[in-house]
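Chemist: Structure below; questions to follow.
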Amino acid sequence: MTAPPADPPPDGQRPRRSLFPWREGQANAAVQRQRQLMNLRAALALQMVQSPRDLDILQQFCELVLQHKVAEHAWIGRPDAEGSFQTLAVAGSRSILGSLSAPLNAPDAQESTPIALVWHDQKPYYSPALPATGAFAAWYAQLRQYRLQSAAVLPLPRGPQNWALLLLLHRDPEAWTGDSQMLLEGVVRGLSDILEDWDTQQRQMVLGAALKSALEGVVLCDVQRRVLYVNQSSFLMTGYHQDELQRHGMSVLQGPETDIQELARIDRALAEGNFYDGRLINYRRDGETFWNHLSIVPIRNRNGELTHFVGIQRDVSREIQLLEQLEYESRHDCLTGLANRRALDDELEVAMARAGRNGTQLALCMIDLDHFKPVNDLYGHEAGDVVLKVVGRRLRDALRRTDYVARLGGDEFVLLIEGYHNLEELGLILSKIEAVVKDPVQIRPDTVVGVRLSMGVCIYPHPRVKDMADLLRFADQALYASKARKTTRQRYWVLFDEALTALSDATTKPRRGSRSQRDPRP
């Protein structure tokens, strides 16, 4: 429903203009930031009531922060036993956020960060406008490299304990000032309350399930971890009778593939009398492995003294298998089995960060098959699929272990090549790829076809490349130049630097089969 139009000014009068329009702009921006925080608080209450895991709650919160434009990057982490911060949830660029964390106790004070300060002091920290000198200057310099202007770090308690930290980053130097800080701290308190409610619900659910004779296996132990009772479902799951488990203990279920760190988590929870919930590989009596979703509930008497543990077991092997299959399919091309665009984006971000960190070069190679369309036209799409599968397999086999290949769709592929020392060595790798791909492909018992390659290459680091999108776009422009000179070129691949002059004179007409209309100018 739209608001009615405002009454027009009387005849001969004009609306009054503010003498300080910039102040009105600042006030409107502050109101907008507060509205975004209030919307985040409302969304937090509505969307996080029935999350299956506490890490899901944290991840949803970070995504809501970006969705409601409270920040451009959000990170939640907590230190491990060695004092290194581990990521629990993140929304935004993992490469940016990953480069900003630091050990809890940095050897040099100049290397310390606001993250370590807040963990020690357990007080919120805000830097609306990042100073160039003083404490944390090196950390601020990293932020400015990514055009970030303000940072906020807040403690995230869980019950009475200091549990985790929230880091928010924004390009707006006035992102968290005045009332915005108070609202943000209220939102974080709401997140802590949700985590406490989730902990309570989980304990109630596990205790309720333990009281039922259900499909889950139930094991009762005393505080010395001696087995007192095993139900029928546990026997059917593991193959071990109660007397066997009483003699050997629950450790008989462990084996070579059981995660040692997960066993350490269980030991720690039992030693501290805490609730445990997790998954680990166990072994049945016949040696077969299965995924066991294990929940251990501490039982206390009226005086609060720990008396027993109840373990609830559930065989989730089929669920794990289905999840792994779904995850595989979401990141792989169904025709060739190669990585798809989603997996490529993740790998490319990591590869660019690795090249920058190690001072090495990364070659992104965009491939388009020549003479592929006639195969489809003459022999049908099934024949074209055979060619794509064969080419995909040949590309994968020709690359080294450190290289990466993905299919973007159609007859377009992308290679990521690392670990070469100069252009001559890169040329040898690309020549090997050409040799294996252009071999004839048998699409039918009596029919053989052939395809060729056109390739555009952009090497990172490059002065023109600012991000992943630039690297892909420049490689695509080099590919455009390679296909334009198909009849006169001396080799099938063209470097972006070599193509700059040709690309500047090219038209903006898209080539057939392209993903989108390309602007051939750099």
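Labels for the structure tokens follow display order: chains A, B, ..., residues from 1 in each chain, ligands from 1.
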Quick one: everything within 12 Å of Gly410 (chain A), counting only C-alpha atoms, minus sequence neighbours fewer than 6 positions away in the same chain. Send it as an mmCIF file with N, CA and C atoms, in the first residue's frame.
Modeler:
data_model
loop_
_atom_site.group_PDB
_atom_site.id
_atom_site.type_symbol
_atom_site.label_atom_id
_atom_site.label_comp_id
_atom_site.auth_asym_id
_atom_site.auth_seq_id
_atom_site.Cartn_x
_atom_site.Cartn_y
_atom_site.Cartn_z
ATOM 1 N N ASP A 333 30.261 -31.841 -12.886
ATOM 2 C CA ASP A 333 29.483 -31.889 -14.116
ATOM 3 C C ASP A 333 28.974 -33.316 -14.314
ATOM 4 N N LEU A 335 27.920 -34.872 -16.923
ATOM 5 C CA LEU A 335 28.297 -35.572 -18.145
ATOM 6 C C LEU A 335 29.738 -36.074 -18.089
ATOM 7 N N THR A 336 30.669 -35.195 -17.750
ATOM 8 C CA THR A 336 32.090 -35.546 -17.813
ATOM 9 C C THR A 336 32.665 -35.976 -16.466
ATOM 10 N N ASN A 340 32.518 -28.541 -11.689
ATOM 11 C CA ASN A 340 31.654 -27.579 -12.355
ATOM 12 C C ASN A 340 32.029 -26.159 -11.942
ATOM 13 N N ILE A 367 39.290 -22.814 -22.487
ATOM 14 C CA ILE A 367 39.333 -23.660 -23.681
ATOM 15 C C ILE A 367 37.970 -23.687 -24.360
ATOM 16 N N ASP A 368 37.980 -23.619 -25.675
ATOM 17 C CA ASP A 368 36.789 -23.817 -26.487
ATOM 18 C C ASP A 368 37.153 -24.804 -27.603
ATOM 19 N N LEU A 369 36.295 -25.783 -27.850
ATOM 20 C CA LEU A 369 36.593 -26.797 -28.862
ATOM 21 C C LEU A 369 36.248 -26.277 -30.247
ATOM 22 N N PHE A 372 33.537 -28.605 -33.109
ATOM 23 C CA PHE A 372 32.631 -29.416 -32.298
ATOM 24 C C PHE A 372 31.195 -29.329 -32.808
ATOM 25 N N LYS A 373 30.776 -28.175 -33.247
ATOM 26 C CA LYS A 373 29.398 -28.008 -33.706
ATOM 27 C C LYS A 373 29.068 -28.916 -34.896
ATOM 28 N N ASN A 376 27.959 -32.325 -33.676
ATOM 29 C CA ASN A 376 26.569 -32.335 -33.221
ATOM 30 C C ASN A 376 25.599 -32.301 -34.394
ATOM 31 N N HIS A 381 23.419 -35.166 -30.864
ATOM 32 C CA HIS A 381 23.947 -34.743 -29.572
ATOM 33 C C HIS A 381 24.578 -35.903 -28.794
ATOM 34 N N GLY A 384 28.024 -35.871 -29.776
ATOM 35 C CA GLY A 384 28.693 -34.747 -29.131
ATOM 36 C C GLY A 384 29.013 -35.021 -27.683
ATOM 37 N N ASP A 385 28.102 -35.713 -26.983
ATOM 38 C CA ASP A 385 28.371 -36.056 -25.585
ATOM 39 C C ASP A 385 29.563 -36.989 -25.465
ATOM 40 N N VAL A 387 32.146 -37.065 -27.460
ATOM 41 C CA VAL A 387 33.338 -36.243 -27.655
ATOM 42 C C VAL A 387 33.677 -35.472 -26.384
ATOM 43 N N LEU A 388 32.666 -34.872 -25.739
ATOM 44 C CA LEU A 388 32.914 -34.097 -24.524
ATOM 45 C C LEU A 388 33.471 -34.970 -23.406
ATOM 46 N N LYS A 389 32.932 -36.174 -23.249
ATOM 47 C CA LYS A 389 33.430 -37.067 -22.218
ATOM 48 C C LYS A 389 34.868 -37.492 -22.495
ATOM 49 N N GLY A 392 37.144 -34.482 -21.882
ATOM 50 C CA GLY A 392 37.274 -34.256 -20.447
ATOM 51 C C GLY A 392 38.234 -35.234 -19.805
ATOM 52 N N ARG A 512 29.478 -17.284 -31.422
ATOM 53 C CA ARG A 512 28.449 -18.303 -31.301
ATOM 54 C C ARG A 512 28.799 -19.290 -30.200
ATOM 55 N N GLY A 513 27.766 -19.576 -29.360
ATOM 56 C CA GLY A 513 27.969 -20.540 -28.282
ATOM 57 C C GLY A 513 28.549 -19.938 -27.028
ATOM 58 N N SER A 514 28.745 -18.591 -26.984
ATOM 59 C CA SER A 514 29.300 -17.983 -25.780
ATOM 60 C C SER A 514 28.261 -17.957 -24.683
ATOM 61 N N ARG A 515 28.740 -17.881 -23.436
ATOM 62 C CA ARG A 515 27.830 -17.869 -22.294
ATOM 63 C C ARG A 515 27.070 -16.559 -22.230
#
Chemist: Can you tell me which residues surround region 316-331 of chain A at a distance of at most 10 Å, considering only C-alpha atoms, apart from same-chain residues fewer than 3 positions away, and format the answer as a ChimeraX atom specification?
Modeler: /A:279-281,289-294,313,334,337-344,346,406
Chemist: Output N, CA and C atoms for every residue in that selection, as a PDB file, in the first residue's frame.
Modeler:
ATOM      1  N   ARG A 279      29.511 -37.687  15.307  1.00  0.00           N
ATOM      2  CA  ARG A 279      29.510 -38.872  14.448  1.00  0.00           C
ATOM      3  C   ARG A 279      30.920 -39.431  14.372  1.00  0.00           C
ATOM      4  N   LEU A 280      31.026 -40.736  14.307  1.00  0.00           N
ATOM      5  CA  LEU A 280      32.319 -41.373  14.140  1.00  0.00           C
ATOM      6  C   LEU A 280      32.126 -42.758  13.522  1.00  0.00           C
ATOM      7  N   ILE A 281      33.182 -43.248  12.914  1.00  0.00           N
ATOM      8  CA  ILE A 281      33.148 -44.587  12.317  1.00  0.00           C
ATOM      9  C   ILE A 281      33.374 -45.623  13.408  1.00  0.00           C
ATOM     10  N   THR A 289      32.356 -51.680   8.845  1.00  0.00           N
ATOM     11  CA  THR A 289      32.309 -50.328   9.398  1.00  0.00           C
ATOM     12  C   THR A 289      30.918 -49.729   9.215  1.00  0.00           C
ATOM     13  N   PHE A 290      30.577 -48.782  10.101  1.00  0.00           N
ATOM     14  CA  PHE A 290      29.332 -48.015   9.956  1.00  0.00           C
ATOM     15  C   PHE A 290      29.518 -46.671  10.641  1.00  0.00           C
ATOM     16  N   TRP A 291      28.757 -45.698  10.169  1.00  0.00           N
ATOM     17  CA  TRP A 291      28.772 -44.364  10.777  1.00  0.00           C
ATOM     18  C   TRP A 291      27.805 -44.352  11.951  1.00  0.00           C
ATOM     19  N   ASN A 292      28.321 -44.036  13.112  1.00  0.00           N
ATOM     20  CA  ASN A 292      27.527 -44.028  14.337  1.00  0.00           C
ATOM     21  C   ASN A 292      27.305 -42.578  14.777  1.00  0.00           C
ATOM     22  N   HIS A 293      26.038 -42.155  14.789  1.00  0.00           N
ATOM     23  CA  HIS A 293      25.699 -40.857  15.393  1.00  0.00           C
ATOM     24  C   HIS A 293      25.474 -41.109  16.871  1.00  0.00           C
ATOM     25  N   LEU A 294      26.428 -40.683  17.671  1.00  0.00           N
ATOM     26  CA  LEU A 294      26.454 -40.998  19.092  1.00  0.00           C
ATOM     27  C   LEU A 294      26.141 -39.759  19.928  1.00  0.00           C
ATOM     28  N   GLN A 313      22.845 -44.469  20.303  1.00  0.00           N
ATOM     29  CA  GLN A 313      23.535 -44.745  19.043  1.00  0.00           C
ATOM     30  C   GLN A 313      22.529 -44.856  17.903  1.00  0.00           C
ATOM     31  N   CYS A 334      27.669 -33.443 -14.543  1.00  0.00           N
ATOM     32  CA  CYS A 334      27.076 -34.778 -14.611  1.00  0.00           C
ATOM     33  C   CYS A 334      27.504 -35.549 -15.854  1.00  0.00           C
ATOM     34  N   GLY A 337      31.979 -35.674 -15.374  1.00  0.00           N
ATOM     35  CA  GLY A 337      32.523 -35.957 -14.053  1.00  0.00           C
ATOM     36  C   GLY A 337      33.565 -34.958 -13.598  1.00  0.00           C
ATOM     37  N   LEU A 338      33.828 -33.926 -14.414  1.00  0.00           N
ATOM     38  CA  LEU A 338      34.778 -32.893 -14.018  1.00  0.00           C
ATOM     39  C   LEU A 338      34.128 -31.921 -13.039  1.00  0.00           C
ATOM     40  N   ALA A 339      34.958 -31.106 -12.415  1.00  0.00           N
ATOM     41  CA  ALA A 339      34.430 -30.058 -11.546  1.00  0.00           C
ATOM     42  C   ALA A 339      33.552 -29.100 -12.353  1.00  0.00           C
ATOM     43  N   ASN A 340      32.518 -28.541 -11.689  1.00  0.00           N
ATOM     44  CA  ASN A 340      31.654 -27.579 -12.355  1.00  0.00           C
ATOM     45  C   ASN A 340      32.029 -26.159 -11.942  1.00  0.00           C
ATOM     46  N   ARG A 341      31.197 -25.170 -12.334  1.00  0.00           N
ATOM     47  CA  ARG A 341      31.531 -23.768 -12.077  1.00  0.00           C
ATOM     48  C   ARG A 341      31.585 -23.478 -10.574  1.00  0.00           C
ATOM     49  N   ARG A 342      30.695 -24.067  -9.797  1.00  0.00           N
ATOM     50  CA  ARG A 342      30.711 -23.832  -8.352  1.00  0.00           C
ATOM     51  C   ARG A 342      32.026 -24.294  -7.738  1.00  0.00           C
ATOM     52  N   ALA A 343      32.460 -25.498  -8.086  1.00  0.00           N
ATOM     53  CA  ALA A 343      33.722 -26.008  -7.552  1.00  0.00           C
ATOM     54  C   ALA A 343      34.904 -25.192  -8.071  1.00  0.00           C
ATOM     55  N   LEU A 344      34.830 -24.763  -9.340  1.00  0.00           N
ATOM     56  CA  LEU A 344      35.914 -23.960  -9.913  1.00  0.00           C
ATOM     57  C   LEU A 344      36.078 -22.650  -9.149  1.00  0.00           C
ATOM     58  N   ASP A 346      35.439 -21.966  -6.049  1.00  0.00           N
ATOM     59  CA  ASP A 346      36.093 -22.218  -4.765  1.00  0.00           C
ATOM     60  C   ASP A 346      37.581 -22.509  -4.952  1.00  0.00           C
ATOM     61  N   ALA A 406      38.026 -28.030 -15.092  1.00  0.00           N
ATOM     62  CA  ALA A 406      36.588 -27.926 -14.855  1.00  0.00           C
ATOM     63  C   ALA A 406      35.897 -27.699 -16.188  1.00  0.00           C
TER      64      ALA A 406
END
Chemist: Among region 337-450 of chain A, which ones does DSSP place in strand (DSSP E), written as a compact mmCIF listing (two decimals) with all heavy atoms, in the first residue's frame?
Modeler:
# COMPACT_ATOMS: atom_id res chain seq x y z
N LEU A 362 50.03 -18.44 -11.42
CA LEU A 362 48.88 -19.28 -11.72
C LEU A 362 48.40 -18.94 -13.12
O LEU A 362 48.14 -17.77 -13.42
CB LEU A 362 47.76 -19.03 -10.70
CG LEU A 362 46.37 -19.58 -11.05
CD1 LEU A 362 46.38 -21.10 -11.01
CD2 LEU A 362 45.32 -19.02 -10.10
N ALA A 363 48.28 -19.94 -13.98
CA ALA A 363 47.76 -19.74 -15.34
C ALA A 363 46.33 -20.25 -15.41
O ALA A 363 46.07 -21.42 -15.14
CB ALA A 363 48.64 -20.46 -16.36
N LEU A 364 45.41 -19.35 -15.74
CA LEU A 364 44.04 -19.75 -15.98
C LEU A 364 43.84 -19.86 -17.49
O LEU A 364 44.03 -18.88 -18.22
CB LEU A 364 43.05 -18.74 -15.38
CG LEU A 364 41.59 -19.20 -15.42
CD1 LEU A 364 40.84 -18.72 -14.18
CD2 LEU A 364 40.86 -18.69 -16.67
N CYS A 365 43.46 -21.04 -17.94
CA CYS A 365 43.35 -21.34 -19.37
C CYS A 365 41.90 -21.62 -19.73
O CYS A 365 41.32 -22.59 -19.23
CB CYS A 365 44.22 -22.53 -19.74
SG CYS A 365 45.93 -22.42 -19.14
N MET A 366 41.32 -20.79 -20.59
CA MET A 366 39.95 -20.96 -21.04
C MET A 366 39.98 -21.67 -22.40
O MET A 366 40.61 -21.20 -23.34
CB MET A 366 39.25 -19.61 -21.16
CG MET A 366 37.77 -19.68 -21.42
SD MET A 366 36.82 -19.92 -19.90
CE MET A 366 37.06 -18.34 -19.09
N ILE A 367 39.29 -22.81 -22.49
CA ILE A 367 39.33 -23.66 -23.68
C ILE A 367 37.97 -23.69 -24.36
O ILE A 367 36.93 -23.78 -23.70
CB ILE A 367 39.75 -25.10 -23.32
CG1 ILE A 367 41.19 -25.14 -22.84
CG2 ILE A 367 39.57 -26.05 -24.50
CD1 ILE A 367 41.63 -26.52 -22.38
N ASP A 368 37.98 -23.62 -25.67
CA ASP A 368 36.79 -23.82 -26.49
C ASP A 368 37.15 -24.80 -27.60
O ASP A 368 38.22 -24.69 -28.22
CB ASP A 368 36.33 -22.48 -27.09
CG ASP A 368 34.93 -22.55 -27.65
OD1 ASP A 368 34.76 -23.13 -28.75
OD2 ASP A 368 34.01 -22.05 -27.01
N LEU A 369 36.30 -25.78 -27.85
CA LEU A 369 36.59 -26.80 -28.86
C LEU A 369 36.25 -26.28 -30.25
O LEU A 369 35.14 -25.78 -30.48
CB LEU A 369 35.80 -28.07 -28.58
CG LEU A 369 36.09 -28.78 -27.26
CD1 LEU A 369 35.29 -30.08 -27.18
CD2 LEU A 369 37.57 -29.06 -27.09
N ASP A 370 37.19 -26.41 -31.18
CA ASP A 370 36.94 -26.09 -32.59
C ASP A 370 36.39 -27.34 -33.29
O ASP A 370 36.75 -28.47 -32.95
CB ASP A 370 38.23 -25.64 -33.27
CG ASP A 370 38.82 -24.40 -32.61
OD1 ASP A 370 38.02 -23.59 -32.08
OD2 ASP A 370 40.05 -24.26 -32.62
N TYR A 404 44.32 -28.41 -12.31
CA TYR A 404 42.87 -28.52 -12.06
C TYR A 404 42.14 -28.28 -13.37
O TYR A 404 42.52 -27.42 -14.17
CB TYR A 404 42.47 -27.46 -11.03
CG TYR A 404 41.10 -27.62 -10.43
CD1 TYR A 404 40.87 -28.51 -9.38
CD2 TYR A 404 40.02 -26.88 -10.90
CE1 TYR A 404 39.62 -28.65 -8.81
CE2 TYR A 404 38.77 -27.01 -10.33
CZ TYR A 404 38.57 -27.90 -9.28
OH TYR A 404 37.31 -28.02 -8.73
N VAL A 405 41.07 -29.04 -13.58
CA VAL A 405 40.27 -28.89 -14.80
C VAL A 405 38.79 -28.88 -14.42
O VAL A 405 38.36 -29.62 -13.53
CB VAL A 405 40.57 -30.01 -15.82
CG1 VAL A 405 40.35 -31.39 -15.24
CG2 VAL A 405 39.73 -29.82 -17.08
N ALA A 406 38.03 -28.03 -15.09
CA ALA A 406 36.59 -27.93 -14.85
C ALA A 406 35.90 -27.70 -16.19
O ALA A 406 36.49 -27.19 -17.14
CB ALA A 406 36.26 -26.79 -13.89
N ARG A 407 34.63 -28.09 -16.23
CA ARG A 407 33.81 -27.82 -17.42
C ARG A 407 32.78 -26.76 -17.06
O ARG A 407 32.03 -26.92 -16.10
CB ARG A 407 33.11 -29.09 -17.89
CG ARG A 407 32.25 -28.85 -19.15
CD ARG A 407 31.38 -30.03 -19.47
NE ARG A 407 30.49 -29.75 -20.61
CZ ARG A 407 29.30 -30.29 -20.78
NH1 ARG A 407 28.82 -31.15 -19.89
NH2 ARG A 407 28.56 -29.98 -21.83
N LEU A 408 32.76 -25.67 -17.84
CA LEU A 408 31.81 -24.60 -17.58
C LEU A 408 30.45 -24.90 -18.20
O LEU A 408 29.43 -24.38 -17.75
CB LEU A 408 32.33 -23.28 -18.14
CG LEU A 408 33.60 -22.73 -17.48
CD1 LEU A 408 33.89 -21.34 -18.01
CD2 LEU A 408 33.44 -22.70 -15.97
N GLY A 409 30.40 -25.72 -19.24
CA GLY A 409 29.16 -25.99 -19.95
C GLY A 409 29.44 -25.97 -21.44
O GLY A 409 30.41 -25.36 -21.91
N GLU A 412 33.06 -25.70 -23.41
CA GLU A 412 34.02 -24.82 -22.74
C GLU A 412 34.58 -25.49 -21.48
O GLU A 412 33.82 -25.98 -20.64
CB GLU A 412 33.37 -23.48 -22.38
CG GLU A 412 33.04 -22.66 -23.63
CD GLU A 412 32.51 -21.30 -23.26
OE1 GLU A 412 31.68 -21.20 -22.35
OE2 GLU A 412 32.92 -20.33 -23.92
N PHE A 413 35.89 -25.46 -21.37
CA PHE A 413 36.60 -26.02 -20.22
C PHE A 413 37.55 -24.97 -19.67
O PHE A 413 37.94 -24.03 -20.37
CB PHE A 413 37.40 -27.27 -20.63
CG PHE A 413 36.56 -28.40 -21.16
CD1 PHE A 413 36.16 -28.42 -22.49
CD2 PHE A 413 36.18 -29.44 -20.33
CE1 PHE A 413 35.39 -29.46 -23.00
CE2 PHE A 413 35.41 -30.48 -20.83
CZ PHE A 413 35.01 -30.49 -22.16
N VAL A 414 37.95 -25.14 -18.42
CA VAL A 414 38.90 -24.23 -17.78
C VAL A 414 39.97 -25.07 -17.10
O VAL A 414 39.67 -26.06 -16.43
CB VAL A 414 38.21 -23.32 -16.74
CG1 VAL A 414 39.25 -22.56 -15.93
CG2 VAL A 414 37.30 -22.33 -17.43
N LEU A 415 41.24 -24.66 -17.28
CA LEU A 415 42.37 -25.29 -16.61
C LEU A 415 43.01 -24.30 -15.65
O LEU A 415 43.13 -23.11 -15.98
CB LEU A 415 43.42 -25.76 -17.61
CG LEU A 415 42.96 -26.60 -18.81
CD1 LEU A 415 44.16 -26.95 -19.68
CD2 LEU A 415 42.26 -27.85 -18.34
N LEU A 416 43.43 -24.78 -14.50
CA LEU A 416 44.25 -24.00 -13.57
C LEU A 416 45.60 -24.71 -13.48
O LEU A 416 45.66 -25.86 -13.03
CB LEU A 416 43.60 -23.91 -12.19
CG LEU A 416 42.21 -23.30 -12.12
CD1 LEU A 416 41.72 -23.28 -10.68
CD2 LEU A 416 42.20 -21.90 -12.69
N ILE A 417 46.66 -24.03 -13.90
CA ILE A 417 47.99 -24.65 -13.94
C ILE A 417 48.91 -23.87 -13.00
O ILE A 417 49.08 -22.66 -13.13
CB ILE A 417 48.55 -24.65 -15.38
CG1 ILE A 417 47.61 -25.46 -16.29
CG2 ILE A 417 49.95 -25.21 -15.40
CD1 ILE A 417 48.04 -25.49 -17.73
N GLU A 418 49.48 -24.58 -12.04
CA GLU A 418 50.39 -23.98 -11.07
C GLU A 418 51.74 -24.70 -11.12
O GLU A 418 51.88 -25.75 -11.73
CB GLU A 418 49.80 -24.10 -9.65
CG GLU A 418 48.46 -23.44 -9.45
CD GLU A 418 47.96 -23.60 -8.03
OE1 GLU A 418 48.52 -22.93 -7.13
OE2 GLU A 418 47.02 -24.39 -7.81
N VAL A 441 38.60 -39.20 -32.20
CA VAL A 441 37.65 -39.73 -31.23
C VAL A 441 36.68 -40.66 -31.95
O VAL A 441 36.03 -40.25 -32.93
CB VAL A 441 36.87 -38.59 -30.54
CG1 VAL A 441 35.85 -39.17 -29.57
CG2 VAL A 441 37.81 -37.63 -29.84
N GLN A 442 36.58 -41.88 -31.49
CA GLN A 442 35.67 -42.85 -32.10
C GLN A 442 34.31 -42.72 -31.44
O GLN A 442 34.12 -43.06 -30.28
CB GLN A 442 36.20 -44.26 -31.95
CG GLN A 442 35.37 -45.29 -32.70
CD GLN A 442 36.06 -46.64 -32.77
OE1 GLN A 442 37.12 -46.84 -32.19
NE2 GLN A 442 35.49 -47.57 -33.52
N ILE A 443 33.33 -42.19 -32.20
CA ILE A 443 32.00 -41.99 -31.64
C ILE A 443 31.08 -43.16 -31.93
O ILE A 443 30.06 -43.34 -31.25
CB ILE A 443 31.38 -40.69 -32.19
CG1 ILE A 443 31.31 -40.72 -33.72
CG2 ILE A 443 32.17 -39.47 -31.71
CD1 ILE A 443 30.57 -39.54 -34.32
N ARG A 444 31.43 -43.96 -32.93
CA ARG A 444 30.69 -45.17 -33.29
C ARG A 444 31.69 -46.22 -33.77
O ARG A 444 32.84 -45.88 -34.08
CB ARG A 444 29.66 -44.88 -34.38
CG ARG A 444 28.56 -43.91 -33.97
CD ARG A 444 27.69 -43.54 -35.15
NE ARG A 444 26.70 -42.54 -34.78
CZ ARG A 444 25.93 -41.88 -35.66
NH1 ARG A 444 26.05 -42.14 -36.96
NH2 ARG A 444 25.06 -40.98 -35.25
N THR A 447 32.84 -44.89 -37.07
CA THR A 447 32.90 -43.44 -37.27
C THR A 447 33.91 -42.83 -36.31
O THR A 447 33.87 -43.06 -35.10
CB THR A 447 31.54 -42.78 -37.04
OG1 THR A 447 30.56 -43.43 -37.86
CG2 THR A 447 31.60 -41.30 -37.40
N VAL A 448 34.82 -42.04 -36.88
CA VAL A 448 35.84 -41.33 -36.12
C VAL A 448 35.77 -39.86 -36.47
O VAL A 448 35.63 -39.50 -37.66
CB VAL A 448 37.25 -41.88 -36.40
CG1 VAL A 448 38.31 -41.04 -35.71
CG2 VAL A 448 37.36 -43.33 -35.95
N VAL A 449 35.83 -39.00 -35.47
CA VAL A 449 35.82 -37.55 -35.69
C VAL A 449 37.02 -36.93 -34.99
O VAL A 449 37.69 -37.59 -34.18
CB VAL A 449 34.52 -36.90 -35.18
CG1 VAL A 449 33.30 -37.45 -35.91
CG2 VAL A 449 34.38 -37.10 -33.67
Chemist: Choose the residue, out of A:Ile312, A:Leu58, A:Ala116, A:Ala499, that has the smallest atom-to-atom separation from Val457 (chain A); count only C-alpha atoms.
Modeler: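 Among the listed residues, A:Ala499 lies closest to Val457 (chain A).
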Chemist: Quick one: distance from CA of Gly159 (chain A) to CA of Asp199 (chain A) in Å, one decimal?
Modeler: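 Calculated distance between CA of Gly159 (chain A) and CA of Asp199 (chain A) is 9.5 Å.
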Chemist: Using Å and a single decimal, report how far CA of Trp163 (chain A) sits from CA of Gly77 (chain A).
Modeler: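 Between these atoms lies a distance of 8.9 Å.
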Chemist: Between A:Tyr460, A:Trp493, A:Tyr240, A:Phe136, single out the one closest to Gly356 (chain A), counting only C-alpha atoms.
Modeler: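 Among the listed residues, the smallest separation from Gly356 (chain A) belongs to A:Tyr460.
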Chemist: Would you mind writing down, as a ChimeraX atom specification, each residue of region 71-268 of chain A that DSSP on the backbone assigns to helix (DSSP H, G or I)?
Modeler: /A:94-98,109-111,114-121,137-145,179-211,232-238,242-248,250-253,260-268
Chemist: I'd like the neighbourhood of Arg489 (chain A) as a PyMOL selection string, where a residue qualifies if any of its atoms comes within 12 Å (using only C-alpha atoms), though same-chain residues fewer than 5 positions away should be ignored.
Modeler: chain A and resi 454-455+481-484+494+498-499
Chemist: Between A:Ala269, A:Leu167, A:Ala469, A:Val70, which has the minimum distance to Tyr125 (chain A) (counting only C-alpha atoms)?
Modeler: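 Residue with the minimum atom-to-atom distance to Tyr125 (chain A): A:Leu167.
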Chemist: Any idea what's packed within 7 Å of Ile299 (chain A), counting only C-alpha atoms, ignoring anything in its chain fewer than 2 positions away? Could you give it as a list in words?
Modeler: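 Result of the neighbour search: Val297, Asn301, Leu306, Thr307, His308 and Phe309 of chain A.
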Chemist: Select, from A:Gly83, A:Pro131, A:Gly278, A:Gly98, the residue with the minimum atom-to-atom distance to Ala151 (chain A), counting only C-alpha atoms.
Modeler: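 Closest candidate: A:Pro131.
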Chemist: Which residues, written as a PyMOL selection string, have at least one atom at most 10 Å from region 431-434 of chain A, with only C-alpha atoms counted and residues fewer than 6 positions away on the same chain left out?
Modeler: chain A and resi 394-399+425+452-455+491-493
Chemist: Which is closer to Asp277 (chain A) than all the others in A:Leu378, A:Met237, A:Val310, A:Leu220, using only C-alpha atoms?
Modeler: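 For Asp277 (chain A), the nearest of the candidates is A:Val310.
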